[in-house]
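One file, input_38.cif, carrying mmCIF, C-alpha atoms:
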data_entry
loop_
_atom_site.label_atom_id
_atom_site.label_comp_id
_atom_site.auth_asym_id
_atom_site.auth_seq_id
_atom_site.Cartn_x
_atom_site.Cartn_y
_atom_site.Cartn_z
CA MET D 1 -88.11 -9.32 -13.28
CA ALA D 2 -89.71 -7.79 -10.21
CA ILE D 3 -87.31 -7.06 -7.37
CA MET D 4 -87.91 -5.52 -3.95
CA TYR D 5 -85.47 -3.68 -1.72
CA THR D 6 -85.92 -3.14 1.98
CA GLY D 7 -83.67 -0.37 3.25
CA GLY D 8 -82.93 0.58 -0.34
CA ALA D 9 -82.76 4.29 0.48
CA GLY D 10 -79.91 3.74 2.96
CA ARG D 11 -76.17 4.12 2.45
CA VAL D 12 -75.55 0.74 0.84
CA GLY D 13 -78.83 0.59 -1.04
CA THR D 14 -78.41 3.99 -2.66
CA VAL D 15 -75.08 3.00 -4.20
CA ILE D 16 -76.32 -0.43 -5.27
CA ARG D 17 -79.51 0.86 -6.86
CA ALA D 18 -77.64 3.50 -8.84
CA GLY D 19 -75.19 0.89 -10.08
CA LEU D 20 -77.97 -1.46 -11.19
CA GLU D 21 -80.37 1.18 -12.52
CA GLY D 22 -82.43 0.08 -15.50
CA GLN D 23 -81.71 -3.63 -15.21
CA ASP D 24 -85.18 -4.47 -13.87
CA ALA D 25 -88.48 -3.00 -15.04
CA ASP D 26 -90.28 -3.39 -11.68
CA VAL D 27 -88.24 -2.30 -8.66
CA ARG D 28 -90.15 -1.87 -5.39
CA LEU D 29 -88.64 0.09 -2.52
CA LEU D 30 -89.92 -0.33 1.01
CA VAL D 31 -88.98 2.85 2.88
CA MET D 32 -89.90 4.27 6.27
CA GLU D 33 -90.20 7.87 5.07
CA PRO D 34 -91.55 9.12 1.73
CA GLY D 35 -89.46 11.21 -0.64
CA THR D 36 -86.85 8.77 -2.00
CA GLU D 37 -85.23 10.02 -5.20
CA LEU D 38 -86.48 7.31 -7.53
CA LEU D 39 -84.51 5.82 -10.39
CA LYS D 40 -85.75 4.19 -13.60
CA GLY D 41 -88.37 1.51 -12.95
CA GLU D 42 -88.66 2.19 -9.21
CA THR D 43 -91.81 2.59 -7.12
CA GLU D 44 -91.79 3.70 -3.49
CA PHE D 45 -93.88 2.07 -0.76
CA VAL D 46 -93.93 3.52 2.74
CA GLY D 47 -93.98 1.05 5.63
CA ASP D 48 -91.72 -0.94 7.90
CA LEU D 49 -90.68 -4.48 8.69
CA SER D 50 -93.16 -4.83 11.54
CA ASN D 51 -96.11 -5.13 9.12
CA LEU D 52 -96.18 -8.72 7.87
CA ASP D 53 -99.37 -8.23 5.87
CA LEU D 54 -97.93 -5.24 4.01
CA LEU D 55 -94.69 -7.10 3.34
CA THR D 56 -96.59 -10.08 1.95
CA GLU D 57 -98.64 -7.83 -0.32
CA LEU D 58 -95.54 -6.08 -1.64
CA CYS D 59 -93.83 -9.42 -2.26
CA ASN D 60 -96.56 -10.73 -4.57
CA GLY D 61 -95.06 -11.16 -8.03
CA VAL D 62 -91.52 -10.47 -6.77
CA GLU D 63 -88.76 -12.86 -7.80
CA THR D 64 -85.93 -11.55 -5.59
CA ILE D 65 -85.86 -9.53 -2.37
CA VAL D 66 -82.73 -7.61 -1.37
CA HIS D 67 -83.04 -7.24 2.39
CA LEU D 68 -80.94 -4.27 3.50
CA GLY D 69 -83.44 -2.98 6.06
CA GLY D 70 -83.05 -2.77 9.81
CA ILE D 71 -80.58 -1.16 12.20
CA ALA D 72 -77.05 -1.01 10.76
CA ASP D 73 -74.96 -0.72 13.93
CA GLU D 74 -74.97 -1.64 17.61
CA ARG D 75 -77.98 -0.56 19.70
CA SER D 76 -79.87 -1.83 22.72
CA PHE D 77 -81.06 -5.42 22.53
CA GLU D 78 -84.68 -4.24 22.54
CA MET D 79 -84.11 -2.15 19.41
CA ILE D 80 -82.16 -4.93 17.69
CA LEU D 81 -84.88 -7.43 18.58
CA GLU D 82 -87.67 -5.36 17.09
CA ASN D 83 -85.93 -4.20 13.92
CA ASN D 84 -83.36 -6.85 13.03
CA ILE D 85 -84.74 -10.06 14.47
CA VAL D 86 -88.54 -9.77 14.34
CA GLY D 87 -88.28 -7.64 11.19
CA THR D 88 -86.09 -10.22 9.46
CA TYR D 89 -88.49 -13.01 10.42
CA ASN D 90 -91.36 -11.01 8.92
CA LEU D 91 -89.39 -10.52 5.72
CA PHE D 92 -88.60 -14.22 5.27
CA GLU D 93 -92.13 -15.26 6.18
CA ALA D 94 -93.60 -12.76 3.69
CA ALA D 95 -91.26 -14.15 1.03
CA ARG D 96 -92.48 -17.68 1.76
CA ARG D 97 -96.13 -16.71 1.69
CA ALA D 98 -95.72 -14.86 -1.62
CA ASN D 99 -93.64 -17.61 -3.27
CA VAL D 100 -90.61 -15.40 -3.77
CA ARG D 101 -87.72 -17.29 -5.39
CA ARG D 102 -84.73 -15.72 -3.62
CA VAL D 103 -83.75 -13.48 -0.72
CA VAL D 104 -80.40 -11.68 -0.70
CA PHE D 105 -79.77 -11.00 2.98
CA ALA D 106 -77.37 -8.24 4.01
CA SER D 107 -75.49 -9.97 6.78
CA SER D 108 -72.30 -8.51 8.23
CA ASN D 109 -68.71 -9.26 9.15
CA HIS D 110 -69.85 -8.63 12.73
CA ALA D 111 -71.54 -12.04 12.70
CA THR D 112 -67.98 -13.38 13.00
CA GLY D 113 -66.28 -10.38 14.57
CA PHE D 114 -64.87 -12.22 17.61
CA TYR D 115 -62.47 -14.25 15.50
CA PRO D 116 -58.88 -13.02 15.97
CA SER D 117 -57.44 -10.76 13.31
CA ASP D 118 -54.52 -13.14 12.73
CA THR D 119 -56.93 -15.96 11.78
CA THR D 120 -58.27 -16.60 8.29
CA ILE D 121 -61.83 -17.94 8.27
CA ASP D 122 -64.12 -19.26 5.55
CA ASN D 123 -67.88 -19.53 5.11
CA GLU D 124 -68.03 -22.82 7.04
CA VAL D 125 -67.01 -21.42 10.45
CA LEU D 126 -69.46 -21.09 13.31
CA PRO D 127 -70.70 -17.55 13.97
CA ARG D 128 -68.83 -15.59 16.63
CA PRO D 129 -70.82 -12.35 16.83
CA ASP D 130 -69.25 -9.34 18.48
CA SER D 131 -72.44 -7.45 19.40
CA TYR D 132 -76.22 -7.67 19.55
CA TYR D 133 -76.08 -6.37 15.98
CA GLY D 134 -73.82 -9.29 15.03
CA VAL D 135 -76.18 -11.69 16.80
CA SER D 136 -79.04 -10.40 14.66
CA LYS D 137 -77.06 -11.11 11.50
CA ALA D 138 -76.18 -14.63 12.66
CA PHE D 139 -79.89 -15.10 13.39
CA GLY D 140 -80.82 -13.95 9.88
CA GLU D 141 -78.35 -16.36 8.30
CA THR D 142 -79.71 -19.26 10.37
CA LEU D 143 -83.31 -18.30 9.70
CA GLY D 144 -82.50 -18.26 5.99
CA ARG D 145 -81.10 -21.78 6.34
CA LEU D 146 -84.44 -22.93 7.77
CA TYR D 147 -86.44 -21.26 5.01
CA HIS D 148 -84.20 -22.81 2.38
CA ASP D 149 -84.21 -26.33 3.83
CA LYS D 150 -87.90 -26.42 4.78
CA TRP D 151 -89.55 -24.37 2.04
CA GLY D 152 -87.00 -24.21 -0.78
CA LEU D 153 -86.35 -20.45 -0.67
CA GLU D 154 -83.02 -19.57 -2.27
CA VAL D 155 -80.90 -17.47 0.11
CA VAL D 156 -77.67 -15.56 -0.44
CA ASN D 157 -76.15 -14.19 2.78
CA LEU D 158 -73.66 -11.39 2.15
CA ARG D 159 -71.33 -10.85 5.12
CA ILE D 160 -70.57 -7.27 4.18
CA GLY D 161 -67.20 -5.89 5.20
CA SER D 162 -66.24 -2.20 5.25
CA PHE D 163 -68.39 -0.64 2.53
CA ARG D 164 -66.62 2.60 1.58
CA ASP D 165 -65.35 4.45 -1.47
CA THR D 166 -61.79 3.98 -0.15
CA PRO D 167 -60.32 2.27 2.96
CA GLY D 168 -60.39 4.51 6.02
CA GLU D 169 -57.97 2.81 8.44
CA ALA D 170 -55.60 -0.13 8.86
CA ARG D 171 -58.24 -2.74 9.63
CA GLN D 172 -60.03 -1.92 6.40
CA LEU D 173 -57.02 -3.08 4.42
CA SER D 174 -58.50 -6.49 5.30
CA THR D 175 -62.24 -5.76 5.28
CA TRP D 176 -62.77 -3.16 2.55
CA LEU D 177 -65.57 -3.62 0.00
CA SER D 178 -65.37 -1.08 -2.80
CA TYR D 179 -68.47 0.42 -4.37
CA ARG D 180 -67.63 -1.18 -7.72
CA ASP D 181 -67.22 -4.63 -6.20
CA ALA D 182 -70.36 -4.24 -4.09
CA ILE D 183 -72.44 -3.46 -7.18
CA SER D 184 -71.10 -6.45 -9.11
CA LEU D 185 -71.55 -8.69 -6.04
CA MET D 186 -75.19 -7.69 -5.73
CA GLN D 187 -75.76 -8.17 -9.44
CA ARG D 188 -74.43 -11.73 -9.26
CA SER D 189 -76.39 -12.41 -6.05
CA ILE D 190 -79.56 -11.47 -7.94
CA ASP D 191 -78.76 -13.06 -11.32
CA ALA D 192 -76.73 -16.21 -10.60
CA PRO D 193 -78.81 -19.35 -11.32
CA ASP D 194 -79.69 -22.00 -8.76
CA VAL D 195 -77.69 -20.65 -5.82
CA GLY D 196 -79.45 -22.73 -3.17
CA TYR D 197 -78.12 -21.43 0.17
CA GLN D 198 -74.87 -19.47 0.23
CA ILE D 199 -72.73 -17.43 2.62
CA VAL D 200 -70.43 -15.05 0.77
CA TYR D 201 -68.12 -12.42 2.25
CA GLY D 202 -68.72 -8.98 0.83
CA VAL D 203 -65.07 -8.04 0.50
CA SER D 204 -62.84 -6.82 -2.30
CA ALA D 205 -59.77 -8.75 -3.50
CA ASN D 206 -57.68 -7.49 -0.59
CA THR D 207 -54.22 -8.94 -0.09
CA ARG D 208 -54.72 -8.89 3.70
CA ALA D 209 -58.31 -10.21 3.75
CA PHE D 210 -59.46 -11.98 6.92
CA TRP D 211 -61.77 -14.20 4.89
CA GLU D 212 -61.28 -17.06 2.45
CA ASN D 213 -64.06 -16.48 -0.04
CA GLU D 214 -63.47 -18.85 -2.95
CA ALA D 215 -66.50 -21.11 -2.42
CA GLY D 216 -68.97 -18.25 -2.31
CA MET D 217 -67.39 -16.44 -5.22
CA LYS D 218 -67.55 -19.60 -7.31
CA ALA D 219 -71.20 -20.21 -6.42
CA LEU D 220 -72.16 -16.74 -7.63
CA GLY D 221 -69.70 -16.49 -10.50
CA TRP D 222 -68.33 -13.30 -8.95
CA GLN D 223 -64.83 -11.88 -9.05
CA PRO D 224 -63.93 -8.68 -7.15
CA LEU D 225 -61.55 -6.30 -8.90
CA ASP D 226 -60.31 -3.85 -6.27
CA ASN D 227 -57.60 -4.30 -3.62
CA ALA D 228 -57.19 -2.17 -0.50
CA GLU D 229 -53.42 -2.66 -0.69
CA ALA D 230 -53.28 0.35 -3.00
CA TRP D 231 -53.90 2.51 0.12
CA ALA D 232 -51.59 0.61 2.49
CA ASP D 233 -48.97 3.37 2.68
CA GLN D 234 -51.55 5.73 4.21
CA PHE D 235 -51.85 3.51 7.28
CA ALA D 236 -48.23 2.46 7.78
CA GLY D 237 -47.56 1.95 11.49
CA GLN D 238 -51.26 2.06 12.46
CA ALA D 239 -52.21 -0.81 14.75
CA VAL D 240 -54.64 -3.47 13.63
CA PRO D 241 -57.18 -4.59 16.27
CA GLY D 242 -56.86 -7.98 17.90
CA HIS D 243 -60.25 -9.12 16.63
CA GLN D 244 -61.83 -8.94 13.21
CA GLY D 245 -64.76 -6.90 14.53
CA GLY D 246 -62.50 -3.97 15.41
CA GLY D 247 -64.03 -1.50 17.84
CA TYR D 248 -67.05 -3.72 18.43
CA VAL D 249 -64.70 -6.04 20.36
CA ASP D 250 -61.60 -4.02 21.26
CA PRO D 251 -62.74 -0.83 23.05
CA ASP D 252 -59.29 0.74 22.90
CA TYR D 253 -59.15 0.42 19.13
CA THR D 254 -59.72 3.87 17.66
CA GLY D 255 -60.29 2.88 14.03
CA GLY D 256 -63.66 2.46 12.32
CA LEU D 257 -66.28 -0.06 13.34
CA TRP D 258 -67.00 -1.21 9.81
#
Please express what this file holds, its structure, as structure tokens.
Amino acid sequence: MAIMYTGGAGRVGTVIRAGLEGQDADVRLLVMEPGTELLKGETEFVGDLSNLDLLTELCNGVETIVHLGGIADERSFEMILENNIVGTYNLFEAARRANVRRVVFASSNHATGFYPSDTTIDNEVLPRPDSYYGVSKAFGETLGRLYHDKWGLEVVNLRIGSFRDTPGEARQLSTWLSYRDAISLMQRSIDAPDVGYQIVYGVSANTRAFWENEAGMKALGWQPLDNAEAWADQFAGQAVPGHQGGGYVDPDYTGGLW
């Protein structure tokens, strides 16, 4: 199976690719700078999400696109617009033109970051973005809905939580996504049959999770194994922010943004 990664040389993509190395014979990486350390079956292509013609060419013969590209934190609206909104449109449109079967879209917990931390939400809630970055992820999810409903593209939206080797602060006892669980989640997002359109929270099996994830997990046949509670003693007494988005919403919160 041919698979293409945008942003595959970034922090998340590097871990995912290493974990899935050798599973696909034709792996295409769209990168902005040459020199990626390639793994088995990988080929590097230099370009960016602004070039729709290049994206369409690279998508020919591809069955699944893993879209990790774009800006991964809050920036000016102009930068978010160019990279995360226009770039995501170009990616979905290239997929449509090239008859790609599925797009796995790296959304974010910041698409719903304005929900209070004492509220449990599922994949049916309306977006409540906490930033321009979060707006761009809500846009990508909605754009994927259009491309699924109108043109039949399968879309898996992964609302990624705090992607780290271990939790780094109290909020991440709720939002942590371990490397092991992220790799298995991506594998199921690529391999699960007939997914249609799905929103799935990228979060480990945390006791304190903000998100009810059963529907998405069932759709993919995925079961996370790790639980941030194993690190809870390290953050005893540390305040949890009032909103799920942490420092993106609560400026006085000193913990991590992810």
Could you tell me, as a count of residues only, exactly which residues end up selected when the PyMOL selection byres ((chain D and resi 73) around 12) is applied to this structure?
31
Surrounding residues of Asp252 (chain D) excluding itself and chain neighbours under 5 positions, 12 Å, only C-alpha atoms, as a list in words
Ala239, Val240, Pro241, Gly242, His243, Gly246, Gly247 and Leu257 of chain D
Hey, can you spit out that residue selection with C-alpha atoms as a short mmCIF file (atom, residue, chain, number, x, y, z; two decimals), in the coordinates of the input?
data_model
loop_
_atom_site.label_atom_id
_atom_site.label_comp_id
_atom_site.auth_asym_id
_atom_site.auth_seq_id
_atom_site.Cartn_x
_atom_site.Cartn_y
_atom_site.Cartn_z
CA ALA D 239 -52.21 -0.81 14.75
CA VAL D 240 -54.64 -3.47 13.63
CA PRO D 241 -57.18 -4.59 16.27
CA GLY D 242 -56.86 -7.98 17.90
CA HIS D 243 -60.25 -9.12 16.63
CA GLY D 246 -62.50 -3.97 15.41
CA GLY D 247 -64.03 -1.50 17.84
CA LEU D 257 -66.28 -0.06 13.34
#
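Picture a line from CA of Ala228 (chain D) to CA of Arg171 (chain D); it runs 10.2 Å.
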Quick one: residues within 10 Å of region 53-58 of chain D, only C-alpha atoms, excluding same-chain residues fewer than 2 positions away - as a PyMOL selection string?
chain D and resi 4+6+28-30+45-51+60-62+90-100
Residues near Ile121 (chain D), cut-off 7 Å, all atoms listed in the file, skip fewer than 6 positions along chain, as a ChimeraX atom specification:
/D:210-212
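In this structure, CA of Gln234 (chain D) sits 28.2 Å away from CA of Glu214 (chain D).
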List the residues matched by the PyMOL selection byres ((chain D and resi 158-164) around 8) in the displayed structure as a VMD selection string, ordered by chain and then by residue number.
chain D and resid 12 104 to 109 111 156 to 157 165 to 168 172 175 to 179 182 199 to 203 258
Output the selection as a JSON list (two decimals), in the coordinates of the input - C-alpha atoms for each residue.
[["chain", "number", "residue", "atom", "x", "y", "z"],
["D", 12, "VAL", "CA", -75.55, 0.74, 0.84],
["D", 104, "VAL", "CA", -80.40, -11.68, -0.70],
["D", 105, "PHE", "CA", -79.77, -11.00, 2.98],
["D", 106, "ALA", "CA", -77.37, -8.24, 4.01],
["D", 107, "SER", "CA", -75.49, -9.97, 6.78],
["D", 108, "SER", "CA", -72.30, -8.51, 8.23],
["D", 109, "ASN", "CA", -68.71, -9.26, 9.15],
["D", 111, "ALA", "CA", -71.54, -12.04, 12.70],
["D", 156, "VAL", "CA", -77.67, -15.56, -0.44],
["D", 157, "ASN", "CA", -76.15, -14.19, 2.78],
["D", 165, "ASP", "CA", -65.35, 4.45, -1.47],
["D", 166, "THR", "CA", -61.79, 3.98, -0.15],
["D", 167, "PRO", "CA", -60.32, 2.27, 2.96],
["D", 168, "GLY", "CA", -60.39, 4.51, 6.02],
["D", 172, "GLN", "CA", -60.03, -1.92, 6.40],
["D", 175, "THR", "CA", -62.24, -5.76, 5.28],
["D", 176, "TRP", "CA", -62.77, -3.16, 2.55],
["D", 177, "LEU", "CA", -65.57, -3.62, 0.00],
["D", 178, "SER", "CA", -65.37, -1.08, -2.80],
["D", 179, "TYR", "CA", -68.47, 0.42, -4.37],
["D", 182, "ALA", "CA", -70.36, -4.24, -4.09],
["D", 199, "ILE", "CA", -72.73, -17.43, 2.62],
["D", 200, "VAL", "CA", -70.43, -15.05, 0.77],
["D", 201, "TYR", "CA", -68.12, -12.42, 2.25],
["D", 202, "GLY", "CA", -68.72, -8.98, 0.83],
["D", 203, "VAL", "CA", -65.07, -8.04, 0.50],
["D", 258, "TRP", "CA", -67.00, -1.21, 9.81]]
